[in-house]
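This is structure-v3.cif. It holds mmCIF, C-alpha atoms and all ligand atoms.
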```cif
data_model
loop_
_atom_site.group_PDB
_atom_site.id
_atom_site.type_symbol
_atom_site.label_atom_id
_atom_site.label_comp_id
_atom_site.auth_asym_id
_atom_site.auth_seq_id
_atom_site.Cartn_x
_atom_site.Cartn_y
_atom_site.Cartn_z
ATOM 1 C CA MET D 158 -12.923 -1.346 32.479
ATOM 2 C CA ALA D 159 -9.369 -0.866 33.624
ATOM 3 C CA GLU D 160 -9.494 0.829 36.995
ATOM 4 C CA ASP D 161 -7.192 3.646 36.150
ATOM 5 C CA LEU D 162 -8.179 7.162 35.338
ATOM 6 C CA LYS D 163 -6.884 9.223 32.432
ATOM 7 C CA ILE D 164 -6.052 12.624 33.913
ATOM 8 C CA ILE D 165 -6.938 15.454 31.569
ATOM 9 C CA GLN D 166 -5.248 18.826 31.105
ATOM 10 C CA GLY D 167 -7.229 21.769 29.745
ATOM 11 C CA SER D 168 -10.078 24.044 30.711
ATOM 12 C CA LYS D 169 -12.365 23.037 33.539
ATOM 13 C CA GLN D 170 -15.111 22.237 31.038
ATOM 14 C CA GLU D 171 -12.761 20.050 28.992
ATOM 15 C CA GLN D 172 -11.737 18.242 32.154
ATOM 16 C CA TYR D 173 -15.358 17.490 33.059
ATOM 17 C CA LEU D 174 -16.217 16.438 29.499
ATOM 18 C CA GLU D 175 -13.427 13.856 29.478
ATOM 19 C CA LEU D 176 -14.005 12.763 33.057
ATOM 20 C CA ILE D 177 -17.756 12.089 32.857
ATOM 21 C CA PRO D 178 -17.533 9.139 30.403
ATOM 22 C CA GLN D 179 -14.808 7.646 32.586
ATOM 23 C CA ILE D 180 -17.015 7.921 35.670
ATOM 24 C CA LYS D 181 -19.885 6.352 33.681
ATOM 25 C CA ALA D 182 -17.622 3.448 32.764
ATOM 26 C CA LEU D 183 -16.567 3.031 36.400
ATOM 27 C CA LEU D 184 -20.201 2.876 37.546
ATOM 28 C CA GLU D 185 -21.441 0.641 34.739
ATOM 29 C CA GLY D 186 -22.704 -2.724 35.910
ATOM 30 C CA GLU D 187 -22.009 -1.989 39.587
ATOM 31 C CA PRO D 188 -25.223 -1.709 41.634
ATOM 32 C CA ASP D 189 -23.620 -1.047 45.016
ATOM 33 C CA LEU D 190 -24.093 2.607 46.021
ATOM 34 C CA VAL D 191 -21.149 2.799 48.434
ATOM 35 C CA ALA D 192 -18.749 1.334 45.866
ATOM 36 C CA ASN D 193 -19.958 3.858 43.303
ATOM 37 C CA LEU D 194 -19.759 6.825 45.689
ATOM 38 C CA ALA D 195 -16.225 5.777 46.636
ATOM 39 C CA ASN D 196 -15.002 5.623 43.048
ATOM 40 C CA THR D 197 -16.762 8.875 42.124
ATOM 41 C CA ALA D 198 -15.111 10.710 45.043
ATOM 42 C CA ALA D 199 -11.724 9.245 44.097
ATOM 43 C CA ALA D 200 -12.107 10.159 40.405
ATOM 44 C CA LEU D 201 -13.057 13.769 41.219
ATOM 45 C CA LYS D 202 -10.222 14.150 43.726
ATOM 46 C CA GLU D 203 -7.691 12.654 41.314
ATOM 47 C CA GLN D 204 -8.737 14.856 38.394
ATOM 48 C CA PHE D 205 -9.210 18.171 40.197
ATOM 49 C CA GLY D 206 -7.009 17.853 43.276
ATOM 50 C CA TRP D 207 -9.572 19.532 45.508
ATOM 51 C CA PHE D 208 -8.953 19.633 49.260
ATOM 52 C CA TRP D 209 -11.920 17.400 50.153
ATOM 53 C CA VAL D 210 -14.448 15.506 48.032
ATOM 54 C CA GLY D 211 -17.061 13.272 49.558
ATOM 55 C CA PHE D 212 -20.598 12.228 50.226
ATOM 56 C CA TYR D 213 -23.003 12.452 53.127
ATOM 57 C CA LEU D 214 -26.037 10.141 53.115
ATOM 58 C CA VAL D 215 -29.423 10.775 54.751
ATOM 59 C CA LYS D 216 -29.920 8.303 57.614
ATOM 60 C CA ASP D 217 -32.559 8.710 60.357
ATOM 61 C CA ASP D 218 -33.085 12.367 59.438
ATOM 62 C CA GLU D 219 -29.400 13.315 59.604
ATOM 63 C CA LEU D 220 -26.606 13.469 57.061
ATOM 64 C CA VAL D 221 -24.016 10.830 57.917
ATOM 65 C CA LEU D 222 -20.509 10.823 56.461
ATOM 66 C CA GLY D 223 -20.064 8.439 53.525
ATOM 67 C CA PRO D 224 -17.206 7.680 51.140
ATOM 68 C CA PHE D 225 -14.785 10.577 50.770
ATOM 69 C CA GLN D 226 -11.259 11.578 49.815
ATOM 70 C CA GLY D 227 -9.347 14.031 51.974
ATOM 71 C CA PRO D 228 -8.784 14.746 55.659
ATOM 72 C CA VAL D 229 -11.072 13.323 58.361
ATOM 73 C CA ALA D 230 -14.408 15.149 58.567
ATOM 74 C CA CYS D 231 -17.488 15.758 60.730
ATOM 75 C CA THR D 232 -19.610 12.607 60.804
ATOM 76 C CA ARG D 233 -23.156 13.951 61.307
ATOM 77 C CA ILE D 234 -24.942 17.070 60.069
ATOM 78 C CA LYS D 235 -28.534 18.035 60.864
ATOM 79 C CA LYS D 236 -31.037 19.226 58.258
ATOM 80 C CA GLY D 237 -30.649 22.955 57.641
ATOM 81 C CA ARG D 238 -27.223 23.114 59.321
ATOM 82 C CA GLY D 239 -24.090 24.203 57.464
ATOM 83 C CA VAL D 240 -23.798 24.184 53.691
ATOM 84 C CA CYS D 241 -24.562 20.464 53.442
ATOM 85 C CA GLY D 242 -27.650 20.587 55.652
ATOM 86 C CA SER D 243 -28.888 23.711 53.809
ATOM 87 C CA SER D 244 -28.449 22.050 50.409
ATOM 88 C CA TRP D 245 -30.416 19.085 51.748
ATOM 89 C CA ALA D 246 -33.205 21.296 53.180
ATOM 90 C CA GLN D 247 -33.500 23.320 49.949
ATOM 91 C CA ALA D 248 -32.900 20.336 47.621
ATOM 92 C CA LYS D 249 -30.619 22.520 45.527
ATOM 93 C CA THR D 250 -26.959 23.025 44.746
ATOM 94 C CA LEU D 251 -25.245 25.688 46.855
ATOM 95 C CA ILE D 252 -22.047 27.461 45.813
ATOM 96 C CA VAL D 253 -20.163 29.208 48.626
ATOM 97 C CA PRO D 254 -17.291 31.412 47.367
ATOM 98 C CA ASP D 255 -16.082 32.197 50.917
ATOM 99 C CA VAL D 256 -17.110 29.774 53.651
ATOM 100 C CA GLU D 257 -16.453 32.354 56.372
ATOM 101 C CA LYS D 258 -19.296 34.437 54.942
ATOM 102 C CA PHE D 259 -21.813 31.564 54.987
ATOM 103 C CA PRO D 260 -23.879 31.810 58.187
ATOM 104 C CA GLY D 261 -23.643 28.522 60.070
ATOM 105 C CA HIS D 262 -20.897 27.034 57.935
ATOM 106 C CA ILE D 263 -19.518 23.906 59.618
ATOM 107 C CA ALA D 264 -15.718 24.110 59.568
ATOM 108 C CA CYS D 265 -14.465 20.525 59.464
ATOM 109 C CA SER D 266 -11.100 22.070 58.547
ATOM 110 C CA SER D 267 -9.883 25.652 58.777
ATOM 111 C CA LEU D 268 -8.080 25.035 55.467
ATOM 112 C CA SER D 269 -11.331 24.868 53.531
ATOM 113 C CA LYS D 270 -12.076 28.248 51.893
ATOM 114 C CA SER D 271 -14.799 27.662 49.290
ATOM 115 C CA GLU D 272 -17.334 24.941 48.782
ATOM 116 C CA ILE D 273 -20.019 23.485 46.519
ATOM 117 C CA VAL D 274 -22.685 21.069 47.731
ATOM 118 C CA VAL D 275 -24.872 19.154 45.275
ATOM 119 C CA PRO D 276 -27.914 17.161 46.449
ATOM 120 C CA LEU D 277 -28.422 13.530 45.375
ATOM 121 C CA LEU D 278 -32.050 13.259 44.340
ATOM 122 C CA LEU D 279 -34.396 10.344 43.809
ATOM 123 C CA GLU D 280 -37.902 11.289 42.677
ATOM 124 C CA GLY D 281 -37.485 14.759 44.200
ATOM 125 C CA GLU D 282 -36.272 13.421 47.584
ATOM 126 C CA VAL D 283 -32.726 14.125 48.755
ATOM 127 C CA PHE D 284 -30.953 10.905 49.784
ATOM 128 C CA GLY D 285 -27.510 12.449 50.199
ATOM 129 C CA VAL D 286 -25.188 15.242 49.123
ATOM 130 C CA LEU D 287 -21.881 15.577 47.319
ATOM 131 C CA ASP D 288 -19.638 18.061 49.140
ATOM 132 C CA VAL D 289 -16.531 19.521 47.514
ATOM 133 C CA ASP D 290 -14.168 21.824 49.400
ATOM 134 C CA SER D 291 -11.279 23.874 48.040
ATOM 135 C CA ALA D 292 -8.355 25.332 49.959
ATOM 136 C CA ASP D 293 -8.726 28.470 47.769
ATOM 137 C CA LEU D 294 -11.454 31.105 47.718
ATOM 138 C CA ASP D 295 -14.057 31.288 44.953
ATOM 139 C CA GLN D 296 -13.232 28.045 43.164
ATOM 140 C CA PHE D 297 -16.709 26.933 42.091
ATOM 141 C CA ASP D 298 -19.072 28.315 39.457
ATOM 142 C CA GLN D 299 -21.903 27.372 37.099
ATOM 143 C CA ILE D 300 -19.598 24.997 35.183
ATOM 144 C CA ASP D 301 -19.032 22.965 38.348
ATOM 145 C CA LEU D 302 -22.751 23.111 39.161
ATOM 146 C CA THR D 303 -23.729 21.858 35.691
ATOM 147 C CA TYR D 304 -21.279 18.977 35.530
ATOM 148 C CA LEU D 305 -21.365 17.901 39.173
ATOM 149 C CA GLU D 306 -25.177 17.740 38.913
ATOM 150 C CA GLN D 307 -24.721 15.494 35.845
ATOM 151 C CA ILE D 308 -22.277 13.313 37.760
ATOM 152 C CA VAL D 309 -24.519 12.857 40.806
ATOM 153 C CA GLY D 310 -27.375 12.066 38.417
ATOM 154 C CA LEU D 311 -25.444 8.918 37.484
ATOM 155 C CA LEU D 312 -25.573 7.680 41.092
ATOM 156 C CA LYS D 313 -28.550 5.538 41.922
ATOM 157 C CA LEU D 314 -29.752 4.220 45.260
ATOM 158 C CA GLY D 315 -29.080 0.476 45.633
HETATM 159 N N1 LIG X 1 -18.475 22.499 55.506
HETATM 160 C C1 LIG X 1 -19.595 21.586 55.491
HETATM 161 C C2 LIG X 1 -19.362 20.420 56.431
HETATM 162 C C3 LIG X 1 -18.748 19.247 55.791
HETATM 163 S S1 LIG X 1 -17.104 19.372 55.568
HETATM 164 O O1 LIG X 1 -16.728 20.551 54.817
HETATM 165 C C4 LIG X 1 -16.430 18.011 54.912
HETATM 166 C C5 LIG X 1 -20.880 22.305 55.841
HETATM 167 O O2 LIG X 1 -20.869 23.483 56.231
HETATM 168 O O3 LIG X 1 -21.922 21.683 55.714
#
```

What would you get if you wrote out this structure as structure tokens?
Ligand code: SME
Amino acid sequence: MAEDLKIIQGSKQEQYLELIPQIKALLEGEPDLVANLANTAAALKEQFGWFWVGFYLVKDDELVLGPFQGPVACTRIKKGRGVCGSSWAQAKTLIVPDVEKFPGHIACSSLSKSEIVVPLLLEGEVFGVLDVDSADLDQFDQIDLTYLEQIVGLLKLG
């Protein structure tokens, strides 16, 4: 496909519904995980303009920074630490409306105010997480959870 994204106006749901087939087309026929994570992060950042969008991958029992869009970030996160490490430990999506109220939140940037972290699962095992940060409070809800979980479901190891 042409490597340019059609940016959609409309409700958040409409934006996801138009974006998902474009992400599918970007991933189609490409087996390399890093390439696919990179384009997925770029597509999400371009459509929604969030402060930070990126992936951490499980390596040697830590989360290690992977492809992302946004300012430089912490490179390693331990299981159970911060929002990312908690999402990994619980193998579930976490929505944090106000990061300052999340015990143990890891502040890579003081500009980040709310966050959603979605685990990447293969046969019930977490192999990474998608982390999205907003510079505004309370930016993520069940719509984001539903569609971001669909998007990470398109990403396959190797
Ligand atoms: N805030 C995250 C750390 C990663 S950065 O936001 C990119 C956390 O608490 O896990």

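In this model, the gap between CA of Val289 in chain D and CA of Cys241 in chain D comes to 10.0 Å.
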
Once the PyMOL selection byres (((chain D and resi 294) around 9) and not hetatm) has been applied to the shown file, what residues remain in the selection, as a ChimeraX atom specification?
/D:253-256,269-272,291-293,295-297

Starting from the displayed file, determine the output of the PyMOL selection byres (((chain D and resi 202) around 12) and not hetatm) and express the residue list as a PyMOL selection string.
chain D and resi 162+164+176+195-201+203-211+225-227+288-291

Using the chain letters and numbers from the file, give me the residues hit by the PyMOL selection byres (((chain D and resi 301) around 12) and not hetatm), as an mmCIF file with C-alpha atoms, in the frame of the given file.
```cif
data_model
loop_
_atom_site.group_PDB
_atom_site.id
_atom_site.type_symbol
_atom_site.label_atom_id
_atom_site.label_comp_id
_atom_site.auth_asym_id
_atom_site.auth_seq_id
_atom_site.Cartn_x
_atom_site.Cartn_y
_atom_site.Cartn_z
ATOM 1 C CA SER D 168 -10.078 24.044 30.711
ATOM 2 C CA LYS D 169 -12.365 23.037 33.539
ATOM 3 C CA GLN D 170 -15.111 22.237 31.038
ATOM 4 C CA GLU D 171 -12.761 20.050 28.992
ATOM 5 C CA GLN D 172 -11.737 18.242 32.154
ATOM 6 C CA TYR D 173 -15.358 17.490 33.059
ATOM 7 C CA LEU D 174 -16.217 16.438 29.499
ATOM 8 C CA LEU D 201 -13.057 13.769 41.219
ATOM 9 C CA PHE D 205 -9.210 18.171 40.197
ATOM 10 C CA THR D 250 -26.959 23.025 44.746
ATOM 11 C CA LEU D 251 -25.245 25.688 46.855
ATOM 12 C CA ILE D 252 -22.047 27.461 45.813
ATOM 13 C CA GLU D 272 -17.334 24.941 48.782
ATOM 14 C CA ILE D 273 -20.019 23.485 46.519
ATOM 15 C CA VAL D 274 -22.685 21.069 47.731
ATOM 16 C CA VAL D 275 -24.872 19.154 45.275
ATOM 17 C CA LEU D 287 -21.881 15.577 47.319
ATOM 18 C CA ASP D 288 -19.638 18.061 49.140
ATOM 19 C CA VAL D 289 -16.531 19.521 47.514
ATOM 20 C CA ASP D 295 -14.057 31.288 44.953
ATOM 21 C CA GLN D 296 -13.232 28.045 43.164
ATOM 22 C CA PHE D 297 -16.709 26.933 42.091
ATOM 23 C CA ASP D 298 -19.072 28.315 39.457
ATOM 24 C CA GLN D 299 -21.903 27.372 37.099
ATOM 25 C CA ILE D 300 -19.598 24.997 35.183
ATOM 26 C CA LEU D 302 -22.751 23.111 39.161
ATOM 27 C CA THR D 303 -23.729 21.858 35.691
ATOM 28 C CA TYR D 304 -21.279 18.977 35.530
ATOM 29 C CA LEU D 305 -21.365 17.901 39.173
ATOM 30 C CA GLU D 306 -25.177 17.740 38.913
ATOM 31 C CA GLN D 307 -24.721 15.494 35.845
ATOM 32 C CA ILE D 308 -22.277 13.313 37.760
ATOM 33 C CA VAL D 309 -24.519 12.857 40.806
#
```

Can you sort out the box for range 250-260 of chain D, edges along x, y and z, all listed atoms in, 8 Å on every side, with centre and edge lengths in Å to one decimal, as AutoDock Vina command-line options?
```
--center_x -21.5 --center_y 28.7 --center_z 51.5 --size_x 26.9 --size_y 27.4 --size_z 29.4
```

Neighbouring residues of ligand LIG 1 (chain X) are defined here as those with any atom at most 6 Å from a ligand atom, counting all atoms listed in the file; list them as an mmCIF file with C-alpha atoms, in the frame of the given file.
```cif
data_model
loop_
_atom_site.group_PDB
_atom_site.id
_atom_site.type_symbol
_atom_site.label_atom_id
_atom_site.label_comp_id
_atom_site.auth_asym_id
_atom_site.auth_seq_id
_atom_site.Cartn_x
_atom_site.Cartn_y
_atom_site.Cartn_z
ATOM 1 C CA ALA D 230 -14.408 15.149 58.567
ATOM 2 C CA GLY D 239 -24.090 24.203 57.464
ATOM 3 C CA VAL D 240 -23.798 24.184 53.691
ATOM 4 C CA CYS D 241 -24.562 20.464 53.442
ATOM 5 C CA GLY D 242 -27.650 20.587 55.652
ATOM 6 C CA HIS D 262 -20.897 27.034 57.935
ATOM 7 C CA ILE D 263 -19.518 23.906 59.618
ATOM 8 C CA ALA D 264 -15.718 24.110 59.568
ATOM 9 C CA CYS D 265 -14.465 20.525 59.464
#
```

Between CA of Arg233 in chain D and CA of Lys216 in chain D - distance in Å to one decimal:
9.6 Å

Correct to one decimal, the distance CA of Ala192 in chain D-CA of Glu160 in chain D is 12.8 Å

Spatial neighbours of range 183-189 of chain D, 9 Å, only C-alpha atoms, chain gap at least 3 places, as number ranges by chain
D: 158-160, 178-180, 192-194, 196-197, 311-315

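Proximity of D:Asp161, D:Glu257, D:Leu220, D:Leu279 to Ser244 in chain D, computed with all atoms listed in the file, is greatest for D:Leu220.
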
Hey, which of D:Ile177, D:Gly310, D:Ser266, D:Leu190 ends up closest to Val229 in chain D? Count all atoms listed in the file.
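Closest residue, counting all atoms listed in the file: D:Ser266.
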
Shortest interatomic distance to Val191 in chain D - which of D:Phe284, D:Glu175, D:Asp218, D:Phe212, counting all atoms listed in the file:
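Smallest distance to Val191 in chain D is found for D:Phe212.
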